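Q: Input file: entry-v3.csv. Contents: CSV, C-alpha atoms.
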chain,number,residue,atom,x,y,z
A,1,MET,CA,-13.6,-3.5,39.2
A,2,ALA,CA,-15.8,-3.0,36.1
A,3,LEU,CA,-19.6,-2.7,35.7
A,4,ILE,CA,-21.3,-5.2,33.4
A,5,LYS,CA,-24.9,-5.8,32.5
A,6,CYS,CA,-26.7,-8.8,34.0
A,7,PRO,CA,-27.8,-11.1,31.1
A,8,GLU,CA,-31.0,-11.9,33.0
A,9,CYS,CA,-32.4,-8.5,34.2
A,10,GLY,CA,-30.1,-6.1,32.3
A,11,LYS,CA,-29.1,-4.0,35.3
A,12,GLU,CA,-25.5,-3.0,36.0
A,13,ILE,CA,-23.5,-5.1,38.5
A,14,SER,CA,-19.9,-5.6,39.4
A,15,ASP,CA,-18.0,-8.1,37.3
A,16,LYS,CA,-16.5,-9.5,40.6
A,17,ALA,CA,-19.9,-10.3,42.2
A,18,PRO,CA,-20.7,-14.0,42.4
A,19,ALA,CA,-24.3,-13.3,41.4
A,20,CYS,CA,-26.6,-10.4,40.4
A,21,ILE,CA,-27.6,-8.4,43.4
A,22,HIS,CA,-30.9,-7.5,41.7
A,23,CYS,CA,-32.2,-10.9,40.4
A,24,GLY,CA,-29.7,-13.4,41.8
A,25,TYR,CA,-28.5,-14.7,38.4
A,26,PRO,CA,-25.2,-16.6,39.0
A,27,LEU,CA,-22.4,-14.9,37.1
A,28,SER,CA,-20.3,-18.1,37.1
A,29,LEU,CA,-22.6,-19.3,34.3
A,30,LEU,CA,-21.8,-16.2,32.2
A,31,ASN,CA,-18.0,-16.8,32.8
A,32,ASN,CA,-18.3,-20.4,31.7
A,33,GLU,CA,-20.1,-19.4,28.4
A,34,LYS,CA,-17.3,-16.8,27.7
A,35,ALA,CA,-14.6,-19.4,28.3
A,36,LYS,CA,-16.3,-21.9,26.0
A,37,SER,CA,-16.7,-19.3,23.2
A,38,THR,CA,-13.1,-18.3,23.5
A,39,THR,CA,-12.0,-21.9,23.3
A,40,VAL,CA,-14.1,-22.6,20.2
A,41,GLU,CA,-12.8,-19.5,18.5
A,42,LYS,CA,-9.2,-20.5,19.2
A,43,GLN,CA,-9.7,-24.0,17.9
A,44,SER,CA,-11.4,-22.6,14.7
A,45,ASN,CA,-8.4,-20.3,14.0
A,46,THR,CA,-6.0,-23.1,14.6
A,47,GLU,CA,-7.8,-25.3,12.1
A,48,VAL,CA,-7.8,-22.6,9.5
A,49,LYS,CA,-4.0,-21.9,9.9
A,50,SER,CA,-3.2,-25.6,9.9
A,51,ASP,CA,-5.0,-26.0,6.6
A,52,GLN,CA,-2.8,-23.4,4.9
A,53,LYS,CA,0.0,-24.5,2.6
A,54,GLU,CA,2.5,-22.8,0.3
A,55,TYR,CA,1.2,-22.5,-3.2
A,56,SER,CA,2.6,-20.8,-6.3
A,57,PHE,CA,1.0,-19.4,-9.4
A,58,LYS,CA,2.9,-19.1,-12.7
A,59,ILE,CA,1.2,-16.4,-14.8
A,60,ILE,CA,2.0,-17.1,-18.4
A,61,ASN,CA,-0.1,-14.6,-20.3
A,62,CYS,CA,-2.7,-12.0,-19.2
A,63,ASN,CA,-4.4,-12.1,-22.6
A,64,GLY,CA,-5.7,-8.5,-22.3
A,65,SER,CA,-6.7,-8.8,-18.7
A,66,ASN,CA,-3.8,-6.6,-17.4
A,67,ALA,CA,-6.0,-4.5,-15.2
A,68,LYS,CA,-7.4,-7.6,-13.5
A,69,MET,CA,-3.9,-9.0,-12.9
A,70,ILE,CA,-2.7,-5.7,-11.5
A,71,ILE,CA,-5.6,-5.5,-9.0
A,72,THR,CA,-5.0,-9.1,-7.9
A,73,LEU,CA,-1.3,-8.5,-7.4
A,74,LYS,CA,-2.1,-5.5,-5.3
A,75,ASN,CA,-4.9,-6.9,-3.2
A,76,LYS,CA,-3.9,-10.6,-2.9
A,77,PHE,CA,-0.1,-10.5,-3.2
A,78,HIS,CA,0.5,-7.1,-1.7
A,79,TYR,CA,2.3,-5.6,-4.7
A,80,SER,CA,2.6,-1.8,-5.0
A,81,LEU,CA,0.9,-0.3,-8.1
A,82,GLU,CA,4.2,0.4,-9.8
A,83,ASP,CA,5.6,-3.1,-9.0
A,84,ALA,CA,2.4,-4.7,-10.3
A,85,LYS,CA,2.7,-2.8,-13.6
A,86,VAL,CA,6.3,-3.8,-14.1
A,87,ALA,CA,5.5,-7.4,-13.2
A,88,ILE,CA,2.9,-8.0,-15.9
A,89,LEU,CA,5.4,-6.7,-18.5
A,90,ASN,CA,7.9,-9.4,-17.5
A,91,LEU,CA,5.9,-12.6,-17.9
A,92,PRO,CA,6.1,-15.4,-17.1
A,93,LEU,CA,5.7,-14.4,-13.5
A,94,VAL,CA,5.9,-16.8,-10.5
A,95,ILE,CA,4.2,-15.6,-7.3
A,96,SER,CA,3.8,-17.5,-4.0
A,97,ILE,CA,1.1,-17.4,-1.5
A,98,LYS,CA,0.3,-19.2,1.8
A,99,GLU,CA,-3.4,-20.1,1.7
A,100,ASN,CA,-5.9,-23.0,2.1
A,101,ILE,CA,-6.9,-25.0,-1.0
A,102,THR,CA,-10.4,-23.5,-1.1
A,103,GLU,CA,-9.1,-20.0,-1.5
A,104,ILE,CA,-6.5,-21.2,-4.1
A,105,LYS,CA,-9.3,-22.7,-6.1
A,106,LYS,CA,-11.3,-19.5,-5.9
A,107,LEU,CA,-8.3,-17.5,-7.1
A,108,ALA,CA,-7.8,-19.9,-9.9
A,109,GLN,CA,-11.4,-19.5,-11.0
A,110,GLU,CA,-11.0,-15.8,-11.1
A,111,PHE,CA,-8.0,-16.2,-13.4
A,112,THR,CA,-9.9,-18.6,-15.6
A,113,ASP,CA,-12.9,-16.2,-15.9
A,114,ALA,CA,-10.5,-13.4,-16.9
A,115,GLY,CA,-8.9,-15.5,-19.6
A,116,ILE,CA,-5.5,-15.4,-17.9
A,117,GLU,CA,-3.2,-18.2,-18.8
A,118,TYR,CA,-1.7,-19.7,-15.7
A,119,GLU,CA,-0.4,-22.8,-13.9
A,120,VAL,CA,-0.7,-23.5,-10.1
A,121,PHE,CA,1.6,-25.6,-8.0
A,122,GLU,CA,1.8,-27.1,-4.5
A,123,GLY,CA,5.5,-27.3,-4.0
A,124,GLU,CA,6.8,-28.9,-7.3
A,125,ASN,CA,3.5,-30.7,-8.0
A,126,LYS,CA,1.3,-29.1,-10.6
A,127,LEU,CA,-2.4,-28.9,-9.7
A,128,GLU,CA,-5.3,-29.5,-12.1
A,129,PHE,CA,-8.7,-28.0,-11.1
A,130,ASN,CA,-10.5,-28.6,-14.5
A,131,LEU,CA,-12.2,-25.2,-14.2
A,132,VAL,CA,-14.6,-23.8,-16.8
A,133,MET,CA,-15.1,-20.1,-17.5
A,134,LYS,CA,-18.1,-18.7,-15.7
A,135,ASP,CA,-17.9,-15.0,-16.7
A,136,LYS,CA,-19.9,-14.6,-19.9
A,137,VAL,CA,-18.0,-11.4,-21.0
A,138,ALA,CA,-14.6,-13.0,-20.6
A,139,LYS,CA,-15.9,-16.2,-22.2
A,140,TYR,CA,-17.0,-14.3,-25.3
A,141,THR,CA,-13.8,-12.3,-25.6
A,142,SER,CA,-11.7,-15.5,-25.4
A,143,GLN,CA,-13.4,-17.1,-28.4
A,144,SER,CA,-11.4,-17.4,-31.6
A,145,ASN,CA,-14.0,-15.4,-33.6
A,146,TYR,CA,-13.3,-12.3,-31.4
A,147,TYR,CA,-9.5,-12.3,-31.7
A,148,SER,CA,-7.5,-12.0,-34.9
A,149,ASN,CA,-4.4,-14.0,-35.7
A,150,PHE,CA,-2.3,-10.9,-34.9
A,151,ARG,CA,-0.6,-9.9,-31.7
A,152,LYS,CA,0.8,-6.5,-30.8
A,153,CYS,CA,3.7,-5.2,-28.7
A,154,PRO,CA,2.2,-2.8,-26.1
A,155,SER,CA,5.4,-0.9,-26.0
A,156,CYS,CA,6.5,-0.2,-29.6
A,157,GLY,CA,3.3,-1.2,-31.5
A,158,ARG,CA,5.0,-3.9,-33.7
A,159,THR,CA,2.6,-6.7,-34.8
A,160,THR,CA,3.2,-10.3,-35.5
A,161,GLU,CA,1.3,-13.3,-36.8
A,162,ASN,CA,3.9,-15.8,-35.8
A,163,PRO,CA,2.5,-18.0,-32.9
A,164,GLU,CA,6.0,-19.0,-31.8
A,165,LEU,CA,7.1,-15.4,-31.3
A,166,SER,CA,6.2,-14.5,-27.7
A,167,PHE,CA,8.4,-11.5,-27.1
A,168,CYS,CA,8.9,-8.4,-29.3
A,169,PRO,CA,12.4,-8.5,-30.8
A,170,ASN,CA,12.6,-4.7,-30.6
A,171,CYS,CA,12.0,-4.2,-26.9
A,172,SER,CA,11.6,-7.7,-25.3
A,173,VAL,CA,8.0,-7.0,-24.2
A,174,PRO,CA,5.5,-9.8,-24.4
A,175,PHE,CA,3.0,-9.6,-27.3
A,176,VAL,CA,-0.7,-9.3,-26.5
A,177,ARG,CA,-3.5,-10.6,-28.6
A,178,VAL,CA,-5.3,-8.1,-30.9
A,179,SER,CA,-9.1,-8.2,-31.4
A,180,LYS,CA,-10.5,-8.0,-34.9
A,181,LYS,CA,-11.9,-4.6,-34.1
A,182,GLN,CA,-8.4,-3.4,-33.1
A,183,GLU,CA,-7.0,-5.0,-36.2
A,184,ALA,CA,-9.4,-3.1,-38.4
A,185,SER,CA,-8.5,0.2,-36.7
A,186,MET,CA,-4.8,-0.4,-37.2
A,187,ASN,CA,-5.2,-1.2,-40.9
A,188,VAL,CA,-3.2,-4.4,-40.5
A,189,GLN,CA,-3.0,-6.1,-43.9
A,190,VAL,CA,-3.7,-9.8,-43.8
A,191,PRO,CA,-1.1,-11.7,-45.8
A,192,THR,CA,-2.3,-13.3,-49.0
A,193,THR,CA,-1.8,-17.0,-49.7
A,194,GLU,CA,1.3,-16.2,-51.8
A,195,GLU,CA,2.7,-14.0,-49.0
A,196,LYS,CA,2.2,-16.8,-46.5
A,197,LYS,CA,4.5,-19.0,-48.6
A,198,ILE,CA,7.4,-16.6,-48.0
A,199,PRO,CA,9.7,-18.1,-45.3
A,200,LYS,CA,9.9,-16.2,-42.1
A,201,CYS,CA,12.3,-16.5,-39.2
A,202,PRO,CA,10.6,-18.3,-36.4
A,203,LYS,CA,12.6,-16.2,-33.9
A,204,CYS,CA,12.1,-12.6,-35.0
A,205,GLY,CA,9.6,-12.9,-37.9
A,206,ALA,CA,11.9,-11.4,-40.5
A,207,THR,CA,11.5,-12.4,-44.2
A,208,ALA,CA,15.1,-11.7,-45.1
A,209,ILE,CA,16.1,-15.4,-45.3
A,210,ALA,CA,19.1,-16.9,-47.1
A,211,THR,CA,19.4,-20.6,-47.8
A,212,ILE,CA,22.9,-22.2,-47.6
A,213,ASN,CA,24.3,-25.7,-47.5
A,214,ARG,CA,25.4,-27.0,-44.2
A,215,GLY,CA,29.2,-27.5,-44.3
A,216,TYR,CA,31.7,-29.6,-42.4
A,217,SER,CA,31.5,-29.3,-38.6
A,218,ILE,CA,34.2,-30.1,-36.0
A,219,VAL,CA,31.4,-31.4,-33.7
A,220,TRP,CA,29.4,-33.4,-36.3
A,221,GLY,CA,32.0,-34.0,-39.0
A,222,PHE,CA,30.4,-34.7,-42.3
A,223,LEU,CA,27.1,-35.8,-40.7
A,224,GLY,CA,24.4,-33.6,-42.2
A,225,SER,CA,26.8,-31.7,-44.4
A,226,GLY,CA,25.5,-30.7,-47.7
A,227,LYS,CA,21.9,-30.3,-46.5
A,228,PRO,CA,20.2,-26.9,-47.0
A,229,VAL,CA,19.6,-24.7,-44.0
A,230,ASN,CA,17.9,-21.3,-43.7
A,231,VAL,CA,19.7,-18.4,-42.1
A,232,CYS,CA,17.9,-15.2,-40.9
A,233,GLN,CA,19.8,-12.2,-42.2
A,234,VAL,CA,18.4,-10.1,-39.3
A,235,CYS,CA,19.1,-12.1,-36.2
A,236,GLY,CA,21.3,-14.9,-37.6
A,237,HIS,CA,19.0,-17.7,-36.4
A,238,LYS,CA,19.4,-21.0,-38.3
A,239,PHE,CA,16.4,-23.3,-39.0
A,240,LYS,CA,15.4,-26.1,-41.4
A,241,PRO,CA,13.5,-25.1,-44.5
A,242,GLY,CA,9.7,-25.7,-44.2
A,243,THR,CA,9.7,-25.0,-40.4
Write out the structure in this file as structure tokens.
A:
Amino acid sequence: MALIKCPECGKEISDKAPACIHCGYPLSLLNNEKAKSTTVEKQSNTEVKSDQKEYSFKIINCNGSNAKMIITLKNKFHYSLEDAKVAILNLPLVISIKENITEIKKLAQEFTDAGIEYEVFEGENKLEFNLVMKDKVAKYTSQSNYYSNFRKCPSCGRTTENPELSFCPNCSVPFVRVSKKQEASMNVQVPTTEEKKIPKCPKCGATAIATINRGYSIVWGFLGSGKPVNVCQVCGHKFKPGT
């Protein structure tokens, strides 16, 4: 037996009593209200759980928002701090989450505001939310007049202007975009028009390029033989002149 307060007079009575001994309030009404409240709460929880589905985010590039991505991995996806730091250095990263579509859209908006490049999927179907950046600071920093054409390796410091070069050829770490202020502090020399005409390897960015004629191939025979082809003297990558 436990003592409870009567909702009518506020005095203590036994929870087993059919009615309040002080004012006569029937306790059966109180029990019915509790039962209804419990039923509504259970139904609400069931509806929330039934609305949850498996979604996955493909994080392509943090674009300087590494801290935001680390915090999200810790709080939302239950990564440890060390695992989160390692994860953002090995992009692209695919992370799964079981949530309802409203929360998924909120998380997508947070990524959009931070300037994080991502894709979101429900199963194998790619979702399109058509979100716009709401955070003014992130919106400003994402504009082309803020960033230079250079990107920098956060590990070894190597810079590149090649848009097709995503990973540093020295340490295989993803390049991050460099602001014009950072570019000025690094004393990065912007290539002149004549320097831009010098062919570069689209794979590693090296300028040590040799042009040779394509010879006879067992696979292709004489098809395409005699045509010039560029060969990178650093990584051996072959590519067509002018690409």
Q: Select all residues near (9.3, -19.1, -41.9) (cut-off 10 Å, inclusive, file coordinates), counting only C-alpha atoms, and output them as a ChimeraX atom specification.
A: /A:162,196-209,230,232,239-243
Q: Report as a list in words all protein, DNA and RNA residues lying within 6 Å of stretch 108-120 of chain A, evaluated on all atoms listed in the file, omitting residues in the same chain fewer than 4 positions from it.
A: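 Here the answer would be Ser56, Phe57, Lys58, Ile59, Ile60, Asn61, Cys62, Asn63, Lys126, Leu127, Met133, Lys134, Asp135 and Ala138 of chain A.
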Q: My list of candidates is A:Cys23, A:Ala210, A:Ile4, A:Cys156. Which is closest to A:Ser172 when distances are computed with only C-alpha atoms?
A: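 The shortest atom-to-atom distance to A:Ser172 comes from A:Cys156.
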Q: What's the separation between atom CA of A:Lys152 and atom CA of A:Val178, in Å to one decimal place?
A: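 Here the two named atoms are 6.3 Å from each other.
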Q: Expressed in Å to a single decimal, how great is the separation between atom CA of A:Lys85 and atom CA of A:Cys235?
A: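 Taking atom CA of A:Lys85 as the start and atom CA of A:Cys235 as the end point, the length is 29.4 Å.
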Q: Quick one: pull the distance between atom CA of A:Pro154 and atom CA of A:Leu81, Å, one decimal.
A: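 Interatomic distance here is 18.2 Å.
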